[in-house]
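Engineer: Next up is a structure, given as structure tokens.
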Amino acid sequence: MGELTDDRKILEARIEALGPWFQNLDINGVKTAPNHFLGDYPSFKWQGFKESIPEDLGGRSVLDVGCNAGFYTLEMKRRNAGRVVGIDNDPLYLRQARFAAERSGLDVEFRQMSVYDVEKLAEKFDLVIFMGVLYHLRHPLLALDLLHEHVVADQLLFQCLQRGDERVGDVEEDYDFSEWAVFDRATYPKLFFVENRYASDPTNWFVPNRAAVEAMLRSCGFAVECHPEREVYLCRRAERHYAVEPPPGIR
């Protein structure tokens, strides 16, 4: 009993040393962020849409963009994915993810990389996860264009913070230059710009309403297959909007 208690104390100390954690993972019975302001995050979120992902991914390749501590990365490996790669810009999150993968005995690769650099992977993946990232980006459409161009072979699992009206109204193909009223409609696609902070976070730059999320996905070449949970979309790679230019390559 004493040895088990000592092992747990050592694990708790290592988890604390790797903090602060944003994702509340369960590592051998120890929670990494038990007092998370959102609750058991992202596990409670996952419960709402996990049925949209096959329980057996049959060796499909997965890329998790903005993987944080690796919650979704590890879940995909547990579902029998083949090659699984998680990328994030934050070295602390990557240290957490590698530790969690090691303790779980799961073979996952983690790399420090921005979404703007995904061309460097030189690889396309069957499933790309892009959750909780878009609103932290200064160039959100560029990020979606780069994912479509370079890494999404088939499906995109997408989630983004949303505010404003949750209805999606009809939008015409074109409007006359004299038209003003359409922009005042609550259901028109809108992207709210945060100049300073939202939720005390200076990296929250753009917060879309639901109509804008769906319009941006379509414009960047992602057809929504299902909308299993608020803010979550499973999309399939399709054709980009006819006026969209391919994103710039690495110089």
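Identifiers in this document derive from the order of the structure tokens: chains are assigned A, B, ..., residues are numbered from 1 separately in each chain, and ligands are numbered from 1 in order of occurrence.
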For Ala81 of chain A, please output as an NGL selection string all residues within 7 Å (counting only C-alpha atoms; exclusion window: fewer than 4 positions along the same chain).

Structural biologist: :A and (57-62 or 76-77)

Engineer: Mind listing the alpha helix (DSSP H) residues of segment 89-214 of chain A, per DSSP on the backbone, as a ChimeraX atom specification?

Structural biologist: /A:91-104,140-150,210-214

Engineer: Check the smallest atom-to-atom distance from each of A:Val213, A:Val152, A:Ile27, A:Leu144 to Gly105 of chain A using only C-alpha atoms, then report the winner.

Structural biologist: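 Of the candidates, the smallest distance to Gly105 of chain A is held by A:Ile27.
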
Engineer: So that I can check the surroundings of segment 30-38 of chain A, please list as number ranges by chain every protein, DNA and RNA residue that reaches within 9 Å of it, counting only C-alpha atoms and ignoring chain neighbours fewer than 4 positions away.

Structural biologist: A: 8, 11-12, 15-16, 19-26, 42

Engineer: Suppose we keep N, CA, C and O atoms; can you now write the selection as a PDB file, in the first residue's frame?

Structural biologist:
ATOM      1  N   ARG A   8       1.891   7.187  -6.572  1.00  0.00           N
ATOM      2  CA  ARG A   8       0.884   8.197  -6.892  1.00  0.00           C
ATOM      3  C   ARG A   8       1.410   9.589  -6.556  1.00  0.00           C
ATOM      4  O   ARG A   8       1.194  10.533  -7.310  1.00  0.00           O
ATOM      5  N   LEU A  11       3.675  10.635  -9.312  1.00  0.00           N
ATOM      6  CA  LEU A  11       2.908  11.011 -10.504  1.00  0.00           C
ATOM      7  C   LEU A  11       2.261  12.373 -10.317  1.00  0.00           C
ATOM      8  O   LEU A  11       2.311  13.228 -11.210  1.00  0.00           O
ATOM      9  N   GLU A  12       1.655  12.601  -9.165  1.00  0.00           N
ATOM     10  CA  GLU A  12       1.023  13.891  -8.891  1.00  0.00           C
ATOM     11  C   GLU A  12       2.042  15.027  -8.947  1.00  0.00           C
ATOM     12  O   GLU A  12       1.758  16.114  -9.470  1.00  0.00           O
ATOM     13  N   ILE A  15       2.926  15.724 -12.620  1.00  0.00           N
ATOM     14  CA  ILE A  15       1.826  16.431 -13.287  1.00  0.00           C
ATOM     15  C   ILE A  15       1.794  17.890 -12.846  1.00  0.00           C
ATOM     16  O   ILE A  15       1.632  18.793 -13.667  1.00  0.00           O
ATOM     17  N   GLU A  16       1.993  18.127 -11.574  1.00  0.00           N
ATOM     18  CA  GLU A  16       2.016  19.505 -11.082  1.00  0.00           C
ATOM     19  C   GLU A  16       3.188  20.278 -11.673  1.00  0.00           C
ATOM     20  O   GLU A  16       3.049  21.451 -12.042  1.00  0.00           O
ATOM     21  N   GLY A  19       2.512  21.672 -15.060  1.00  0.00           N
ATOM     22  CA  GLY A  19       1.386  22.602 -15.163  1.00  0.00           C
ATOM     23  C   GLY A  19       1.802  24.003 -15.532  1.00  0.00           C
ATOM     24  O   GLY A  19       3.012  24.308 -15.619  1.00  0.00           O
ATOM     25  N   PRO A  20       0.833  24.899 -15.767  1.00  0.00           N
ATOM     26  CA  PRO A  20      -0.611  24.633 -15.673  1.00  0.00           C
ATOM     27  C   PRO A  20      -1.135  23.879 -16.894  1.00  0.00           C
ATOM     28  O   PRO A  20      -0.611  24.036 -17.990  1.00  0.00           O
ATOM     29  N   TRP A  21      -2.150  23.073 -16.663  1.00  0.00           N
ATOM     30  CA  TRP A  21      -2.785  22.287 -17.721  1.00  0.00           C
ATOM     31  C   TRP A  21      -4.096  22.952 -18.120  1.00  0.00           C
ATOM     32  O   TRP A  21      -4.866  23.380 -17.262  1.00  0.00           O
ATOM     33  N   PHE A  22      -4.369  22.998 -19.426  1.00  0.00           N
ATOM     34  CA  PHE A  22      -5.671  23.477 -19.882  1.00  0.00           C
ATOM     35  C   PHE A  22      -6.638  22.312 -20.059  1.00  0.00           C
ATOM     36  O   PHE A  22      -7.824  22.438 -19.791  1.00  0.00           O
ATOM     37  N   GLN A  23      -6.120  21.175 -20.507  1.00  0.00           N
ATOM     38  CA  GLN A  23      -6.972  20.001 -20.672  1.00  0.00           C
ATOM     39  C   GLN A  23      -6.919  19.148 -19.410  1.00  0.00           C
ATOM     40  O   GLN A  23      -5.849  18.902 -18.852  1.00  0.00           O
ATOM     41  N   ASN A  24      -8.091  18.695 -18.981  1.00  0.00           N
ATOM     42  CA  ASN A  24      -8.178  17.847 -17.799  1.00  0.00           C
ATOM     43  C   ASN A  24      -8.100  16.385 -18.227  1.00  0.00           C
ATOM     44  O   ASN A  24      -9.110  15.745 -18.504  1.00  0.00           O
ATOM     45  N   LEU A  25      -6.889  15.860 -18.297  1.00  0.00           N
ATOM     46  CA  LEU A  25      -6.685  14.464 -18.658  1.00  0.00           C
ATOM     47  C   LEU A  25      -6.699  13.598 -17.405  1.00  0.00           C
ATOM     48  O   LEU A  25      -6.396  14.060 -16.301  1.00  0.00           O
ATOM     49  N   ASP A  26      -7.021  12.327 -17.613  1.00  0.00           N
ATOM     50  CA  ASP A  26      -6.936  11.341 -16.543  1.00  0.00           C
ATOM     51  C   ASP A  26      -5.703  10.493 -16.820  1.00  0.00           C
ATOM     52  O   ASP A  26      -5.705   9.662 -17.730  1.00  0.00           O
ATOM     53  N   PRO A  42     -11.542  18.527 -21.903  1.00  0.00           N
ATOM     54  CA  PRO A  42     -12.623  18.488 -22.906  1.00  0.00           C
ATOM     55  C   PRO A  42     -13.451  17.205 -22.913  1.00  0.00           C
ATOM     56  O   PRO A  42     -14.189  16.969 -23.850  1.00  0.00           O
TER      57      PRO A  42
END
